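*Asks:* Got protein-v6.cif for you, mmCIF, C-alpha atoms:
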```cif
data_final
#
loop_
_atom_site.label_atom_id
_atom_site.label_comp_id
_atom_site.auth_asym_id
_atom_site.auth_seq_id
_atom_site.Cartn_x
_atom_site.Cartn_y
_atom_site.Cartn_z
CA GLU S 1 239.35 167.22 3.92
CA ARG S 2 240.12 163.51 3.70
CA ALA S 3 239.92 163.61 -0.08
CA GLY S 4 242.75 166.13 0.06
CA ALA S 5 244.83 163.65 2.03
CA GLU S 6 244.96 161.26 -0.90
CA ALA S 7 246.06 164.07 -3.21
CA ILE S 8 248.80 165.23 -0.81
CA LEU S 9 250.09 161.78 0.18
CA PRO S 10 252.46 161.30 -2.80
CA PHE S 11 254.06 164.66 -1.98
CA LEU S 12 254.08 164.34 1.81
CA SER S 13 257.85 163.99 2.16
CA GLN S 14 258.47 167.11 0.05
CA VAL S 15 255.85 169.04 2.03
CA LEU S 16 257.50 167.93 5.29
CA ASP S 17 260.93 169.00 4.03
CA THR S 18 259.55 172.41 3.11
CA LEU S 19 257.82 172.83 6.47
CA LEU S 20 260.97 171.80 8.33
CA ALA S 21 263.03 174.30 6.35
CA ALA S 22 260.46 176.98 7.14
CA LEU S 23 260.63 176.12 10.86
CA GLN S 24 264.35 176.86 10.70
CA SER S 25 264.09 180.13 8.79
CA TYR S 26 260.78 181.81 9.64
CA GLN S 27 260.96 184.71 12.06
CA ALA S 28 258.51 185.27 14.93
CA ARG S 29 256.15 187.38 12.84
CA ASN S 30 255.51 184.60 10.29
CA ARG S 31 255.58 181.57 12.59
CA PRO S 32 251.84 181.65 13.44
CA VAL S 33 251.08 181.23 9.72
CA LEU S 34 253.49 178.31 9.57
CA TYR S 35 251.94 176.70 12.66
CA ASP S 36 248.53 177.09 11.04
CA ALA S 37 249.78 175.43 7.84
CA ILE S 38 251.15 172.50 9.85
CA GLY S 39 247.85 172.23 11.75
CA VAL S 40 245.82 172.26 8.54
CA LEU S 41 248.09 169.56 7.10
CA ALA S 42 247.59 167.49 10.26
CA ASP S 43 243.83 167.92 10.14
CA THR S 44 243.72 167.08 6.44
CA MET S 45 245.98 164.05 6.59
CA GLY S 46 244.41 162.58 9.70
CA PRO S 47 246.01 160.34 12.30
CA GLU S 48 246.44 157.37 9.98
CA HIS S 49 249.07 159.24 7.98
CA LEU S 50 250.52 161.56 10.60
CA GLN S 51 251.22 158.95 13.21
CA ARG S 52 253.76 157.25 10.99
CA ASP S 53 257.15 157.40 12.67
CA ASP S 54 258.81 159.49 9.98
CA VAL S 55 256.17 162.21 10.12
CA ALA S 56 256.03 162.38 13.91
CA GLN S 57 259.81 162.32 14.27
CA ALA S 58 260.18 165.07 11.68
CA LEU S 59 257.67 167.60 12.98
CA VAL S 60 257.23 167.13 16.71
CA PRO S 61 260.82 167.62 18.01
CA PRO S 62 261.42 171.05 16.43
CA LEU S 63 257.98 172.23 17.56
CA LEU S 64 258.62 171.04 21.10
CA GLN S 65 262.04 172.72 21.08
CA ARG S 66 260.39 175.97 20.03
CA TRP S 67 257.81 175.61 22.82
CA GLN S 68 260.48 174.89 25.44
CA SER S 69 262.43 177.98 24.42
CA MET S 70 259.43 180.30 24.89
CA HIS S 71 258.78 182.35 28.00
CA CYS S 72 255.69 181.52 30.03
CA GLN S 73 254.09 184.86 29.16
CA ASP S 74 254.75 184.58 25.41
CA ARG S 75 251.51 184.97 23.47
CA ALA S 76 253.03 183.04 20.55
CA GLN S 77 252.47 179.88 22.57
CA PHE S 78 248.81 179.76 21.57
CA PRO S 79 249.27 179.14 17.82
CA LEU S 80 252.08 176.69 18.56
CA LEU S 81 250.00 174.72 21.06
CA THR S 82 247.08 174.68 18.62
CA CYS S 83 249.45 173.24 16.00
CA LEU S 84 250.72 170.61 18.42
CA SER S 85 247.18 169.64 19.38
CA SER S 86 246.33 169.10 15.71
CA LEU S 87 249.34 166.82 15.39
CA ALA S 88 248.37 164.90 18.52
CA SER S 89 244.75 164.29 17.59
#
```
What does the file become when written as structure tokens?

*Replies:*
Amino acid sequence: ERAGAEAILPFLSQVLDTLLAALQSYQARNRPVLYDAIGVLADTMGPEHLQRDDVAQALVPPLLQRWQSMHCQDRAQFPLLTCLSSLAS
């Protein structure tokens, strides 16, 4: 996975822009796939790249807003929390 990080790094800002646009437009049915894509990106890039301020400030606030807007019984919390845990580790 780490070899993939070096290949993605030059395109990281474009990937982030695309993911942020998808967070705005994806409906509930497709959001788990988006959360999985963000989690895979986080796992591939590793903490050395994802803990840069621009990456953290771009992805974490909209994900936390989505989480705060969910009901306690919402099953969609699980993929979102898995995504957030990938970003945090």

*Asks:* As a check of understanding, name the residues that the PyMOL selection byres ((chain S and resi 64-77) around 12) selects in the supplied structure, as number ranges by chain.

*Replies:* S: 23-24, 26-35, 56-63, 78-85, 87

*Asks:* So how many Å separate atom CA of S:Gly4 and atom CA of S:Met45, to one decimal?

*Replies:*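 Result for atom CA of S:Gly4 versus atom CA of S:Met45: 7.6 Å, one decimal.
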
*Asks:* Given the file shown, enumerate the residues that the PyMOL selection byres ((chain S and resi 42) around 10) captures and present them as a ChimeraX atom specification.

*Replies:* /S:5,36-41,43-47,49-51,83-89

*Asks:* To one decimal in Å, tell me the separation between atom CA of S:Val55 and atom CA of S:Ala7.

*Replies:*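 According to the coordinates, atom CA of S:Val55 and atom CA of S:Ala7 are separated by 16.8 Å.
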
*Asks:* Would you write out, as a CSV table (one decimal) with C-alpha atoms, in the coordinates of the input, every residue that the PyMOL selection byres ((chain S and resi 16) around 10) captures in this file?

*Replies:*
```
chain,number,residue,atom,x,y,z
S,11,PHE,CA,254.1,164.7,-2.0
S,12,LEU,CA,254.1,164.3,1.8
S,13,SER,CA,257.8,164.0,2.2
S,14,GLN,CA,258.5,167.1,0.0
S,15,VAL,CA,255.8,169.0,2.0
S,17,ASP,CA,260.9,169.0,4.0
S,18,THR,CA,259.6,172.4,3.1
S,19,LEU,CA,257.8,172.8,6.5
S,20,LEU,CA,261.0,171.8,8.3
S,21,ALA,CA,263.0,174.3,6.4
S,22,ALA,CA,260.5,177.0,7.1
S,38,ILE,CA,251.2,172.5,9.8
S,41,LEU,CA,248.1,169.6,7.1
S,54,ASP,CA,258.8,159.5,10.0
S,55,VAL,CA,256.2,162.2,10.1
S,58,ALA,CA,260.2,165.1,11.7
S,59,LEU,CA,257.7,167.6,13.0
```

*Asks:* Missing atoms in stretch 54-65 of chain S: can you complete it with all heavy atoms, as a short mmCIF file (atom, residue, chain, number, x, y, z; two decimals), keeping the file's coordinate frame?

*Replies:*
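Once everything was written out, this is part_19.cif:
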```
data_model
loop_
_atom_site.label_atom_id
_atom_site.label_comp_id
_atom_site.auth_asym_id
_atom_site.auth_seq_id
_atom_site.Cartn_x
_atom_site.Cartn_y
_atom_site.Cartn_z
N ASP S 54 258.03 158.46 10.66
CA ASP S 54 258.81 159.49 9.98
C ASP S 54 258.17 160.87 10.07
O ASP S 54 258.86 161.87 10.23
CB ASP S 54 259.07 159.10 8.52
CG ASP S 54 257.80 158.88 7.71
OD1 ASP S 54 256.77 158.54 8.30
OD2 ASP S 54 257.85 159.03 6.49
N VAL S 55 256.87 160.92 10.02
CA VAL S 55 256.17 162.21 10.12
C VAL S 55 256.28 162.76 11.53
O VAL S 55 256.64 163.92 11.74
CB VAL S 55 254.70 162.07 9.68
CG1 VAL S 55 253.96 163.38 9.86
CG2 VAL S 55 254.62 161.61 8.23
N ALA S 56 255.98 161.93 12.51
CA ALA S 56 256.03 162.38 13.91
C ALA S 56 257.45 162.79 14.30
O ALA S 56 257.64 163.82 14.95
CB ALA S 56 255.52 161.27 14.82
N GLN S 57 258.43 162.00 13.90
CA GLN S 57 259.81 162.32 14.27
C GLN S 57 260.32 163.56 13.54
O GLN S 57 261.24 164.22 14.01
CB GLN S 57 260.72 161.13 13.99
CG GLN S 57 260.51 160.00 14.96
CD GLN S 57 261.37 158.80 14.63
OE1 GLN S 57 262.12 158.80 13.65
NE2 GLN S 57 261.27 157.76 15.43
N ALA S 58 259.74 163.89 12.42
CA ALA S 58 260.18 165.07 11.68
C ALA S 58 259.61 166.36 12.26
O ALA S 58 260.33 167.34 12.43
CB ALA S 58 259.78 164.94 10.20
N LEU S 59 258.33 166.36 12.59
CA LEU S 59 257.67 167.60 12.98
C LEU S 59 257.67 167.88 14.48
O LEU S 59 257.84 169.03 14.89
CB LEU S 59 256.22 167.60 12.48
CG LEU S 59 256.03 167.81 11.00
CD1 LEU S 59 254.57 167.63 10.61
CD2 LEU S 59 256.51 169.18 10.60
N VAL S 60 257.44 166.88 15.28
CA VAL S 60 257.23 167.13 16.71
C VAL S 60 258.48 167.66 17.43
O VAL S 60 258.37 168.65 18.17
CB VAL S 60 256.65 165.87 17.39
CG1 VAL S 60 256.57 166.06 18.90
CG2 VAL S 60 255.27 165.56 16.82
N PRO S 61 259.66 167.09 17.26
CA PRO S 61 260.82 167.62 18.01
C PRO S 61 261.12 169.10 17.79
O PRO S 61 261.31 169.83 18.78
CB PRO S 61 261.98 166.73 17.57
CG PRO S 61 261.33 165.44 17.19
CD PRO S 61 260.03 165.86 16.55
N PRO S 62 261.14 169.62 16.55
CA PRO S 62 261.42 171.05 16.43
C PRO S 62 260.32 171.93 17.02
O PRO S 62 260.59 173.00 17.55
CB PRO S 62 261.57 171.29 14.93
CG PRO S 62 261.10 170.07 14.25
CD PRO S 62 261.08 168.97 15.24
N LEU S 63 259.07 171.46 16.96
CA LEU S 63 257.98 172.23 17.56
C LEU S 63 258.09 172.23 19.08
O LEU S 63 257.88 173.26 19.72
CB LEU S 63 256.63 171.67 17.11
CG LEU S 63 256.29 171.86 15.64
CD1 LEU S 63 255.04 171.09 15.27
CD2 LEU S 63 256.14 173.33 15.30
N LEU S 64 258.44 171.10 19.65
CA LEU S 64 258.62 171.04 21.10
C LEU S 64 259.82 171.88 21.55
O LEU S 64 259.78 172.53 22.60
CB LEU S 64 258.77 169.60 21.57
CG LEU S 64 257.50 168.76 21.53
CD1 LEU S 64 257.79 167.32 21.95
CD2 LEU S 64 256.40 169.36 22.38
N GLN S 65 260.88 171.87 20.76
CA GLN S 65 262.04 172.72 21.08
C GLN S 65 261.64 174.19 21.08
O GLN S 65 262.05 174.96 21.95
CB GLN S 65 263.17 172.50 20.08
CG GLN S 65 263.94 171.24 20.30
CD GLN S 65 265.02 171.06 19.25
OE1 GLN S 65 264.93 171.60 18.14
NE2 GLN S 65 266.05 170.31 19.59
#
```
